[in-house]
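upload.txt follows; it contains compact mmCIF, C-alpha atoms.
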# COMPACT_ATOMS: atom_id res chain seq x y z
CA MET A 265 12.41 -25.61 -1.17
CA LEU A 266 8.71 -26.35 -1.58
CA ALA A 267 8.72 -28.21 1.74
CA ALA A 268 10.57 -25.45 3.61
CA PRO A 269 8.66 -23.69 6.46
CA ARG A 270 6.56 -20.72 5.33
CA PRO A 271 5.46 -18.64 8.35
CA GLY A 272 2.33 -16.66 7.53
CA SER A 273 1.41 -18.82 4.55
CA GLY A 274 -2.05 -19.31 6.01
CA GLN A 275 -2.77 -15.63 5.28
CA VAL A 276 -2.04 -15.96 1.56
CA LEU A 277 -5.20 -16.41 -0.49
CA ALA A 278 -3.87 -16.20 -4.05
CA PHE A 279 -0.99 -14.64 -5.98
CA TYR A 280 0.20 -13.77 -9.48
CA GLU A 281 3.73 -14.09 -10.86
CA HIS A 282 4.45 -12.42 -14.20
CA ARG A 283 7.17 -14.89 -15.28
CA VAL A 284 4.56 -17.66 -15.06
CA GLY A 285 1.62 -15.52 -16.14
CA ALA A 286 -0.84 -17.31 -13.88
CA VAL A 287 -2.80 -16.80 -10.69
CA CYS A 288 -1.78 -19.46 -8.16
CA LYS A 289 -3.25 -20.64 -4.86
CA ASP A 290 -0.48 -22.65 -3.18
CA PRO A 291 1.61 -20.34 -0.91
CA ALA A 292 4.55 -22.78 -1.15
CA LEU A 293 4.95 -21.67 -4.77
CA MET A 294 5.14 -17.96 -3.87
CA LEU A 295 8.90 -17.71 -4.47
CA MET A 296 10.78 -14.59 -5.57
CA PRO A 297 14.18 -14.76 -7.35
CA TRP A 298 17.01 -13.69 -5.06
CA ASP A 299 18.65 -11.78 -7.89
CA ASP A 300 15.59 -9.62 -8.53
CA HIS A 301 16.89 -6.11 -7.85
CA LEU A 302 13.64 -5.61 -5.96
CA VAL A 303 15.07 -7.93 -3.29
CA HIS A 304 18.73 -7.02 -2.86
CA ARG A 305 18.65 -3.36 -3.91
CA GLY A 306 15.13 -2.26 -2.98
CA ASP A 307 14.81 -1.21 -6.63
CA GLY A 308 11.07 -1.18 -7.04
CA VAL A 309 7.74 0.26 -5.93
CA PHE A 310 4.63 -1.15 -4.31
CA GLU A 311 1.00 -0.55 -3.41
CA THR A 312 -1.43 -2.00 -0.88
CA ILE A 313 -5.11 -2.08 -1.86
CA LYS A 314 -8.07 -3.43 0.09
CA TRP A 315 -11.36 -4.99 -0.83
CA VAL A 316 -14.34 -5.14 1.51
CA ASP A 317 -17.63 -6.94 0.79
CA SER A 318 -16.11 -7.86 -2.61
CA LYS A 319 -15.58 -4.17 -3.50
CA VAL A 320 -12.03 -3.03 -4.30
CA TYR A 321 -11.45 0.48 -2.96
CA LEU A 322 -9.62 3.18 -4.91
CA LEU A 323 -8.19 0.64 -7.34
CA ASP A 324 -7.49 3.10 -10.14
CA GLU A 325 -6.08 5.70 -7.75
CA HIS A 326 -3.61 3.15 -6.36
CA LEU A 327 -2.60 2.05 -9.85
CA ALA A 328 -2.10 5.67 -10.88
CA ARG A 329 0.14 6.33 -7.87
CA MET A 330 2.12 3.18 -8.59
CA GLY A 331 2.59 4.48 -12.12
CA ARG A 332 3.88 7.81 -10.80
CA SER A 333 6.24 6.08 -8.35
CA GLY A 334 7.53 3.82 -11.12
CA GLN A 335 7.96 6.73 -13.51
CA ALA A 336 10.00 8.58 -10.87
CA ILE A 337 12.60 5.78 -10.92
CA GLY A 338 12.30 4.96 -14.63
CA LEU A 339 10.30 1.76 -14.17
CA GLU A 340 7.31 0.50 -16.16
CA PRO A 341 5.41 -2.78 -15.68
CA PRO A 342 6.12 -5.72 -17.99
CA CYS A 343 2.59 -5.42 -19.45
CA PRO A 344 0.14 -2.55 -20.08
CA TRP A 345 -1.50 -0.96 -17.05
CA GLU A 346 -4.91 -2.13 -18.28
CA ALA A 347 -3.61 -5.69 -18.03
CA VAL A 348 -2.21 -5.01 -14.54
CA ARG A 349 -5.67 -3.89 -13.46
CA GLU A 350 -7.24 -7.10 -14.74
CA ILE A 351 -4.53 -9.19 -13.04
CA VAL A 352 -5.36 -7.56 -9.69
CA LEU A 353 -9.07 -8.28 -10.09
CA ALA A 354 -8.44 -11.85 -11.23
CA THR A 355 -6.24 -12.45 -8.19
CA GLY A 356 -8.96 -11.09 -5.93
CA ARG A 357 -11.60 -13.32 -7.52
CA ALA A 358 -9.33 -16.34 -7.07
CA ALA A 359 -8.95 -15.48 -3.36
CA GLY A 360 -12.62 -16.29 -2.88
CA THR A 361 -13.19 -14.15 0.22
CA PRO A 362 -15.36 -11.04 0.74
CA ASN A 363 -12.52 -9.10 2.42
CA GLY A 364 -8.81 -8.98 1.69
CA LEU A 365 -5.72 -6.98 0.83
CA PHE A 366 -3.60 -6.85 -2.31
CA ARG A 367 0.14 -6.30 -2.18
CA MET A 368 1.44 -5.24 -5.60
CA LEU A 369 5.19 -5.29 -6.21
CA LEU A 370 6.79 -3.84 -9.33
CA GLY A 371 10.53 -4.44 -9.47
CA ARG A 372 13.49 -3.92 -11.76
CA GLY A 373 13.48 -7.69 -12.27
CA PRO A 374 15.90 -10.61 -11.94
CA GLY A 375 19.22 -10.69 -13.76
CA GLY A 376 22.13 -10.20 -11.37
CA PHE A 377 23.40 -9.04 -8.02
CA GLY A 378 24.93 -5.77 -9.16
CA LEU A 379 23.65 -2.21 -8.96
CA ASP A 380 23.26 -1.56 -12.68
CA PRO A 381 19.57 -1.74 -13.69
CA SER A 382 20.59 -2.87 -17.18
CA GLU A 383 21.34 -6.31 -15.70
CA CYS A 384 17.59 -6.91 -15.67
CA PRO A 385 16.08 -7.70 -19.09
CA GLU A 386 12.45 -7.39 -17.93
CA PRO A 387 10.68 -5.80 -14.93
CA SER A 388 9.02 -8.07 -12.41
CA LEU A 389 5.39 -7.94 -11.33
CA TYR A 390 3.98 -9.75 -8.30
CA VAL A 391 0.45 -9.47 -6.90
CA ALA A 392 -0.51 -11.20 -3.66
CA ALA A 393 -3.99 -11.37 -2.14
CA TYR A 394 -4.00 -11.99 1.61
CA GLU A 395 -6.33 -11.94 4.58
CA TYR A 396 -7.78 -8.74 5.99
CA ALA A 397 -10.18 -8.36 8.88
CA PRO A 398 -11.67 -4.84 9.12
CA LYS A 399 -11.37 -3.36 12.60
CA PRO A 400 -14.55 -3.46 14.72
CA ASP A 401 -16.51 -0.27 15.43
CA ALA A 402 -15.32 -0.32 19.06
CA PHE A 403 -11.76 0.31 17.85
CA TYR A 404 -12.83 3.61 16.27
CA GLN A 405 -15.01 4.58 19.21
CA LYS A 406 -12.08 4.29 21.63
CA GLY A 407 -9.39 6.07 19.60
CA VAL A 408 -5.64 5.42 19.47
CA THR A 409 -2.36 6.71 20.88
CA ALA A 410 0.58 8.27 19.03
CA PHE A 411 4.02 9.68 19.77
CA ARG A 412 6.88 11.54 18.10
CA THR A 413 9.29 8.94 16.82
CA SER A 414 13.06 9.38 16.94
CA ILE A 415 13.25 8.35 13.26
CA PRO A 416 13.36 11.43 11.01
CA ALA A 417 11.18 11.90 7.95
CA LYS A 418 12.61 10.72 4.65
CA GLN A 419 14.23 13.12 2.23
CA SER A 420 11.63 14.78 0.06
CA TYR A 421 12.46 12.99 -3.18
CA LEU A 422 12.21 9.60 -1.43
CA ALA A 423 9.18 10.39 0.73
CA THR A 424 7.03 11.08 -2.33
CA ILE A 425 7.87 7.71 -3.97
CA LYS A 426 6.23 4.55 -2.60
CA SER A 427 9.42 2.55 -2.93
CA ILE A 428 10.18 -0.91 -1.54
CA ASP A 429 12.82 0.60 0.76
CA TYR A 430 10.73 0.98 3.93
CA LEU A 431 13.50 0.58 6.52
CA PRO A 432 12.77 3.93 8.23
CA ASN A 433 9.08 2.97 8.37
CA VAL A 434 9.96 -0.41 9.89
CA LEU A 435 12.10 1.27 12.55
CA MET A 436 9.24 3.64 13.37
CA LYS A 437 6.88 0.70 13.88
CA LYS A 438 9.50 -1.13 15.96
CA GLU A 439 9.84 1.90 18.22
CA ALA A 440 6.06 2.14 18.62
CA LEU A 441 5.86 -1.50 19.71
CA ALA A 442 8.68 -0.95 22.22
CA LYS A 443 6.87 2.07 23.69
CA GLY A 444 3.47 0.40 23.75
CA LYS A 445 1.94 3.06 21.50
CA ASP A 446 -0.33 2.56 18.50
CA PHE A 447 1.15 4.93 15.92
CA PRO A 448 4.48 6.73 15.46
CA VAL A 449 4.61 10.06 13.64
CA CYS A 450 7.77 11.60 12.21
CA PHE A 451 8.97 15.15 11.65
CA ASP A 452 11.29 16.65 9.06
CA ALA A 453 14.59 18.45 9.68
CA ARG A 454 12.77 21.78 10.16
CA GLY A 455 10.57 20.33 12.91
CA PHE A 456 7.41 20.05 10.84
CA LEU A 457 5.01 17.10 11.00
CA ALA A 458 5.44 14.70 8.05
CA GLU A 459 3.57 11.35 8.31
CA GLY A 460 3.12 8.08 10.15
CA ALA A 461 4.84 4.77 9.43
CA THR A 462 2.30 3.78 6.77
CA GLU A 463 -0.38 6.45 7.10
CA ASN A 464 -0.98 10.15 6.64
CA VAL A 465 -1.58 12.39 9.65
CA ALA A 466 -3.79 15.48 9.83
CA LEU A 467 -5.24 17.83 12.44
CA VAL A 468 -8.56 19.52 13.00
CA ASP A 469 -7.71 23.04 14.14
CA LYS A 470 -9.64 25.24 16.58
CA ASP A 471 -11.82 26.51 13.72
CA GLY A 472 -12.79 22.99 12.62
CA CYS A 473 -10.61 23.02 9.49
CA ILE A 474 -8.81 19.82 8.48
CA THR A 475 -5.15 20.83 8.46
CA VAL A 476 -2.83 18.62 6.41
CA PRO A 477 1.00 18.70 6.45
CA ARG A 478 2.50 19.94 3.21
CA LEU A 479 3.12 16.80 1.17
CA ASP A 480 6.76 17.55 0.34
CA ASN A 481 8.05 15.19 3.06
CA ALA A 482 5.18 12.71 2.99
CA LEU A 483 3.48 10.36 0.57
CA SER A 484 0.27 11.59 -1.03
CA GLY A 485 -2.13 9.09 0.49
CA THR A 486 -4.99 7.82 -1.65
CA THR A 487 -7.28 7.71 1.40
CA LEU A 488 -6.27 11.21 2.47
CA LEU A 489 -6.88 12.74 -0.95
CA ARG A 490 -10.18 10.89 -1.41
CA VAL A 491 -11.64 11.85 1.96
CA LEU A 492 -10.74 15.52 1.44
CA GLU A 493 -12.61 15.34 -1.86
CA LEU A 494 -15.60 13.66 -0.22
CA ALA A 495 -15.74 16.27 2.55
CA ARG A 496 -15.45 19.24 0.18
CA GLY A 497 -18.28 21.69 0.73
CA GLU A 498 -18.95 20.26 4.20
CA ILE A 499 -15.62 20.50 6.02
CA SER A 500 -12.88 22.86 4.88
CA HIS A 501 -9.25 21.84 4.61
CA CYS A 502 -5.86 23.45 4.06
CA TYR A 503 -2.21 22.48 3.77
CA LYS A 504 0.37 24.04 6.09
CA SER A 505 3.62 23.39 7.94
CA ILE A 506 2.48 21.82 11.22
CA THR A 507 4.46 22.10 14.46
CA GLU A 508 4.02 20.32 17.78
CA ASP A 509 2.42 23.51 19.11
CA ASP A 510 -0.30 23.07 16.48
CA ILE A 511 -0.86 19.50 17.71
CA ARG A 512 -1.25 20.70 21.30
CA GLU A 513 -3.85 23.26 20.22
CA ALA A 514 -5.77 20.96 17.86
CA ARG A 515 -9.32 19.79 18.42
CA GLU A 516 -8.59 16.44 16.78
CA MET A 517 -5.66 14.50 15.35
CA LEU A 518 -6.33 12.01 12.57
CA ILE A 519 -4.66 8.94 11.10
CA LEU A 520 -5.68 8.25 7.48
CA GLY A 521 -4.73 5.15 5.51
CA THR A 522 -5.87 2.12 3.54
CA THR A 523 -6.45 -0.17 6.50
CA ALA A 524 -6.86 2.47 9.23
CA GLN A 525 -9.42 4.43 7.15
CA CYS A 526 -9.86 7.37 9.57
CA LEU A 527 -8.78 6.91 13.17
CA SER A 528 -8.81 9.50 15.93
CA ILE A 529 -5.60 9.97 17.92
CA VAL A 530 -6.85 10.72 21.42
CA GLU A 531 -3.42 10.82 23.09
CA TYR A 532 -0.16 12.26 21.72
CA ASP A 533 3.11 11.92 23.65
CA GLY A 534 1.20 11.08 26.81
CA ARG A 535 -1.15 14.09 26.63
CA PRO A 536 -4.80 14.11 25.52
CA VAL A 537 -5.62 15.56 22.11
CA GLY A 538 -8.62 17.87 22.25
CA GLY A 539 -11.09 16.36 24.69
CA GLY A 540 -9.25 13.03 24.77
CA THR A 541 -12.00 11.22 22.86
CA PRO A 542 -12.73 10.73 19.13
CA GLY A 543 -14.22 13.91 17.72
CA PRO A 544 -17.03 14.62 15.26
CA VAL A 545 -14.76 15.19 12.26
CA SER A 546 -13.07 11.79 12.55
CA ARG A 547 -16.47 10.11 12.87
CA ARG A 548 -17.84 11.95 9.84
CA LEU A 549 -14.81 11.19 7.67
CA LEU A 550 -15.01 7.50 8.55
CA GLU A 551 -18.68 7.51 7.61
CA LEU A 552 -17.89 9.15 4.24
CA LEU A 553 -15.16 6.60 3.48
CA LYS A 554 -17.38 3.61 4.27
CA LYS A 555 -20.21 4.98 2.14
CA ASP A 556 -17.84 5.72 -0.73
CA LEU A 557 -16.42 2.18 -0.70
CA ALA A 558 -19.91 0.67 -0.80
CA GLN A 559 -21.07 2.95 -3.63
CA ASN A 560 -17.94 3.29 -5.74
CA GLY A 561 -15.74 0.28 -5.03
CA VAL A 562 -14.86 -1.89 -8.04
CA SER A 563 -16.69 -5.23 -7.88
CA LEU A 564 -14.63 -8.40 -8.01
Kindly transcribe the structure held in the file into structure tokens.
Amino acid sequence: MLAAPRPGSGQVLAFYEHRVGAVCKDPALMLMPWDDHLVHRGDGVFETIKWVDSKVYLLDEHLARMGRSGQAIGLEPPCPWEAVREIVLATGRAAGTPNGLFRMLLGRGPGGFGLDPSECPEPSLYVAAYEYAPKPDAFYQKGVTAFRTSIPAKQSYLATIKSIDYLPNVLMKKEALAKGKDFPVCFDARGFLAEGATENVALVDKDGCITVPRLDNALSGTTLLRVLELARGEISHCYKSITEDDIREAREMLILGTTAQCLSIVEYDGRPVGGGTPGPVSRRLLELLKKDLAQNGVSL
């Protein structure tokens, strides 16, 4: 097993496994039990967190959301949250690089192949640190493309939990690759804009207001919520049910997420958005996010 091929192992910098209680460096040892309900039932939650220039961004906000997601399915970590926080930082220090990503997995735990959660005597906790290369400035200056995916938005009670079951998100990304587009965006059963595959979506309306889809069919993004807070008093925002007509009339269309930060969608379904180039709001929000990370990120 240790000698078996491990595609992508070169990206793994360090990882933590709760059953062992240690931070490890050898990717060949990053093995998950097949009977962890996280694996065969999708019974678990996750978070992705970045660090840039040895500063971890929105660490406590991500941990808090993971706690809410876990609470929604009756799942707590196998150790106190304060210890989870220290495990994440220790894993990042062991990675030994200025930039990287954490993938945190909290599962029901190993114990059987059934459906009953009581099979699992203890929850599982896995933290992996892996490579991350921030996108160059030219990427943000050019802007990206998006389209309406054929995959519908998740049901409300699932969309608001960051669960391991990301099959709809995977299918959205697969469709984007097949169409040669950068980002898919989905809509709910009423025809209202929900979210991207792994990011939030927002508009800048004709009055310059950041317009955010109501978060009943979308995950409350840590980046989204933070940038709205940072822009308060400078750029107004509101939540509303967004239709495709609103997109066609918008000045700007934004993608907001952990790795994307704030990207401008300059083309939607083959048509230009606004002037067809990144607008002033997307540039300003990106500037605010970068400054916030440098000033308020948690040092490794």
8 Å contact set for segment 532-540 of chain A, only C-alpha atoms, chain neighbours under 3 positions out, as a PyMOL selection string = chain A and resi 409-412+511-517+529
Separation of atom CA of Val309 of chain A and atom CA of Phe456 of chain A, in Å?
-> 25.9 Å
To one decimal in Å, tell me the separation between atom CA of Met368 of chain A and atom CA of Leu389 of chain A.
-> 7.5 Å
With only C-alpha atoms counted, which protein, DNA or RNA residues have an atom no more than 12 Å from (12.6, -0.3, -14.4) in the file frame? Please answer as a ChimeraX atom specification.
-> /A:300-302,306-309,331,333-342,370-374,380-389
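Nearest-residue note for Ile506 of chain A: choosing from A:Ala482, A:Met294, A:Leu457, A:Ala466, the minimum distance belongs to A:Leu457, counting all atoms listed in the file.
With atom CA of Arg547 of chain A on one side and atom CA of Gln525 of chain A on the other, the separation reads 10.7 Å.
The nearest approach to Thr413 of chain A among the residues A:Cys450, A:Leu467, A:Ala442, A:Ile425, with all atoms listed in the file taken into account, belongs to A:Cys450.
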Taking the partial coordinates given, rebuild segment 365-382 of chain A to contain N, CA, C and O atoms; return it as a PDB file, keeping the file's coordinate frame.
ATOM      1  N   LEU A 365      -6.673  -8.005   1.223  1.00  0.00           N
ATOM      2  CA  LEU A 365      -5.720  -6.980   0.830  1.00  0.00           C
ATOM      3  C   LEU A 365      -4.885  -7.477  -0.341  1.00  0.00           C
ATOM      4  O   LEU A 365      -4.556  -8.667  -0.418  1.00  0.00           O
ATOM      5  N   PHE A 366      -4.552  -6.573  -1.233  1.00  0.00           N
ATOM      6  CA  PHE A 366      -3.600  -6.850  -2.310  1.00  0.00           C
ATOM      7  C   PHE A 366      -2.268  -6.205  -1.960  1.00  0.00           C
ATOM      8  O   PHE A 366      -2.233  -5.066  -1.480  1.00  0.00           O
ATOM      9  N   ARG A 367      -1.189  -6.900  -2.207  1.00  0.00           N
ATOM     10  CA  ARG A 367       0.140  -6.300  -2.180  1.00  0.00           C
ATOM     11  C   ARG A 367       0.699  -6.424  -3.598  1.00  0.00           C
ATOM     12  O   ARG A 367       0.934  -7.521  -4.087  1.00  0.00           O
ATOM     13  N   MET A 368       0.891  -5.289  -4.248  1.00  0.00           N
ATOM     14  CA  MET A 368       1.440  -5.240  -5.600  1.00  0.00           C
ATOM     15  C   MET A 368       2.900  -4.826  -5.535  1.00  0.00           C
ATOM     16  O   MET A 368       3.240  -3.834  -4.896  1.00  0.00           O
ATOM     17  N   LEU A 369       3.761  -5.579  -6.178  1.00  0.00           N
ATOM     18  CA  LEU A 369       5.190  -5.290  -6.210  1.00  0.00           C
ATOM     19  C   LEU A 369       5.641  -5.175  -7.655  1.00  0.00           C
ATOM     20  O   LEU A 369       5.444  -6.105  -8.458  1.00  0.00           O
ATOM     21  N   LEU A 370       6.229  -4.054  -7.996  1.00  0.00           N
ATOM     22  CA  LEU A 370       6.790  -3.840  -9.330  1.00  0.00           C
ATOM     23  C   LEU A 370       8.277  -3.596  -9.171  1.00  0.00           C
ATOM     24  O   LEU A 370       8.693  -2.625  -8.526  1.00  0.00           O
ATOM     25  N   GLY A 371       9.089  -4.519  -9.679  1.00  0.00           N
ATOM     26  CA  GLY A 371      10.530  -4.440  -9.470  1.00  0.00           C
ATOM     27  C   GLY A 371      11.314  -4.320 -10.758  1.00  0.00           C
ATOM     28  O   GLY A 371      10.788  -4.523 -11.860  1.00  0.00           O
ATOM     29  N   ARG A 372      12.611  -4.032 -10.591  1.00  0.00           N
ATOM     30  CA  ARG A 372      13.490  -3.920 -11.760  1.00  0.00           C
ATOM     31  C   ARG A 372      13.622  -5.262 -12.466  1.00  0.00           C
ATOM     32  O   ARG A 372      13.854  -5.333 -13.662  1.00  0.00           O
ATOM     33  N   GLY A 373      13.462  -6.349 -11.684  1.00  0.00           N
ATOM     34  CA  GLY A 373      13.480  -7.690 -12.270  1.00  0.00           C
ATOM     35  C   GLY A 373      14.740  -8.462 -11.939  1.00  0.00           C
ATOM     36  O   GLY A 373      15.735  -7.900 -11.468  1.00  0.00           O
ATOM     37  N   PRO A 374      14.723  -9.774 -12.168  1.00  0.00           N
ATOM     38  CA  PRO A 374      15.900 -10.610 -11.940  1.00  0.00           C
ATOM     39  C   PRO A 374      16.923 -10.448 -13.061  1.00  0.00           C
ATOM     40  O   PRO A 374      16.588 -10.041 -14.173  1.00  0.00           O
ATOM     41  N   GLY A 375      18.194 -10.775 -12.733  1.00  0.00           N
ATOM     42  CA  GLY A 375      19.220 -10.690 -13.760  1.00  0.00           C
ATOM     43  C   GLY A 375      20.627 -10.553 -13.222  1.00  0.00           C
ATOM     44  O   GLY A 375      21.595 -10.636 -13.974  1.00  0.00           O
ATOM     45  N   GLY A 376      20.776 -10.332 -11.915  1.00  0.00           N
ATOM     46  CA  GLY A 376      22.130 -10.200 -11.370  1.00  0.00           C
ATOM     47  C   GLY A 376      22.099  -9.582  -9.992  1.00  0.00           C
ATOM     48  O   GLY A 376      21.068  -9.108  -9.522  1.00  0.00           O
ATOM     49  N   PHE A 377      23.285  -9.580  -9.363  1.00  0.00           N
ATOM     50  CA  PHE A 377      23.400  -9.040  -8.020  1.00  0.00           C
ATOM     51  C   PHE A 377      24.112  -7.696  -7.979  1.00  0.00           C
ATOM     52  O   PHE A 377      24.523  -7.236  -6.917  1.00  0.00           O
ATOM     53  N   GLY A 378      24.279  -7.072  -9.123  1.00  0.00           N
ATOM     54  CA  GLY A 378      24.930  -5.770  -9.160  1.00  0.00           C
ATOM     55  C   GLY A 378      23.966  -4.638  -8.902  1.00  0.00           C
ATOM     56  O   GLY A 378      22.813  -4.828  -8.499  1.00  0.00           O
ATOM     57  N   LEU A 379      24.442  -3.420  -9.163  1.00  0.00           N
ATOM     58  CA  LEU A 379      23.650  -2.210  -8.960  1.00  0.00           C
ATOM     59  C   LEU A 379      23.034  -1.716 -10.257  1.00  0.00           C
ATOM     60  O   LEU A 379      21.996  -1.054 -10.254  1.00  0.00           O
ATOM     61  N   ASP A 380      23.658  -2.070 -11.367  1.00  0.00           N
ATOM     62  CA  ASP A 380      23.260  -1.560 -12.680  1.00  0.00           C
ATOM     63  C   ASP A 380      21.895  -2.116 -13.086  1.00  0.00           C
ATOM     64  O   ASP A 380      21.732  -3.330 -13.243  1.00  0.00           O
ATOM     65  N   PRO A 381      20.894  -1.265 -13.288  1.00  0.00           N
ATOM     66  CA  PRO A 381      19.570  -1.740 -13.690  1.00  0.00           C
ATOM     67  C   PRO A 381      19.560  -2.480 -15.031  1.00  0.00           C
ATOM     68  O   PRO A 381      18.659  -3.276 -15.288  1.00  0.00           O
ATOM     69  N   SER A 382      20.568  -2.220 -15.866  1.00  0.00           N
ATOM     70  CA  SER A 382      20.590  -2.870 -17.180  1.00  0.00           C
ATOM     71  C   SER A 382      20.855  -4.369 -17.087  1.00  0.00           C
ATOM     72  O   SER A 382      20.735  -5.087 -18.088  1.00  0.00           O
TER      73      SER A 382
END
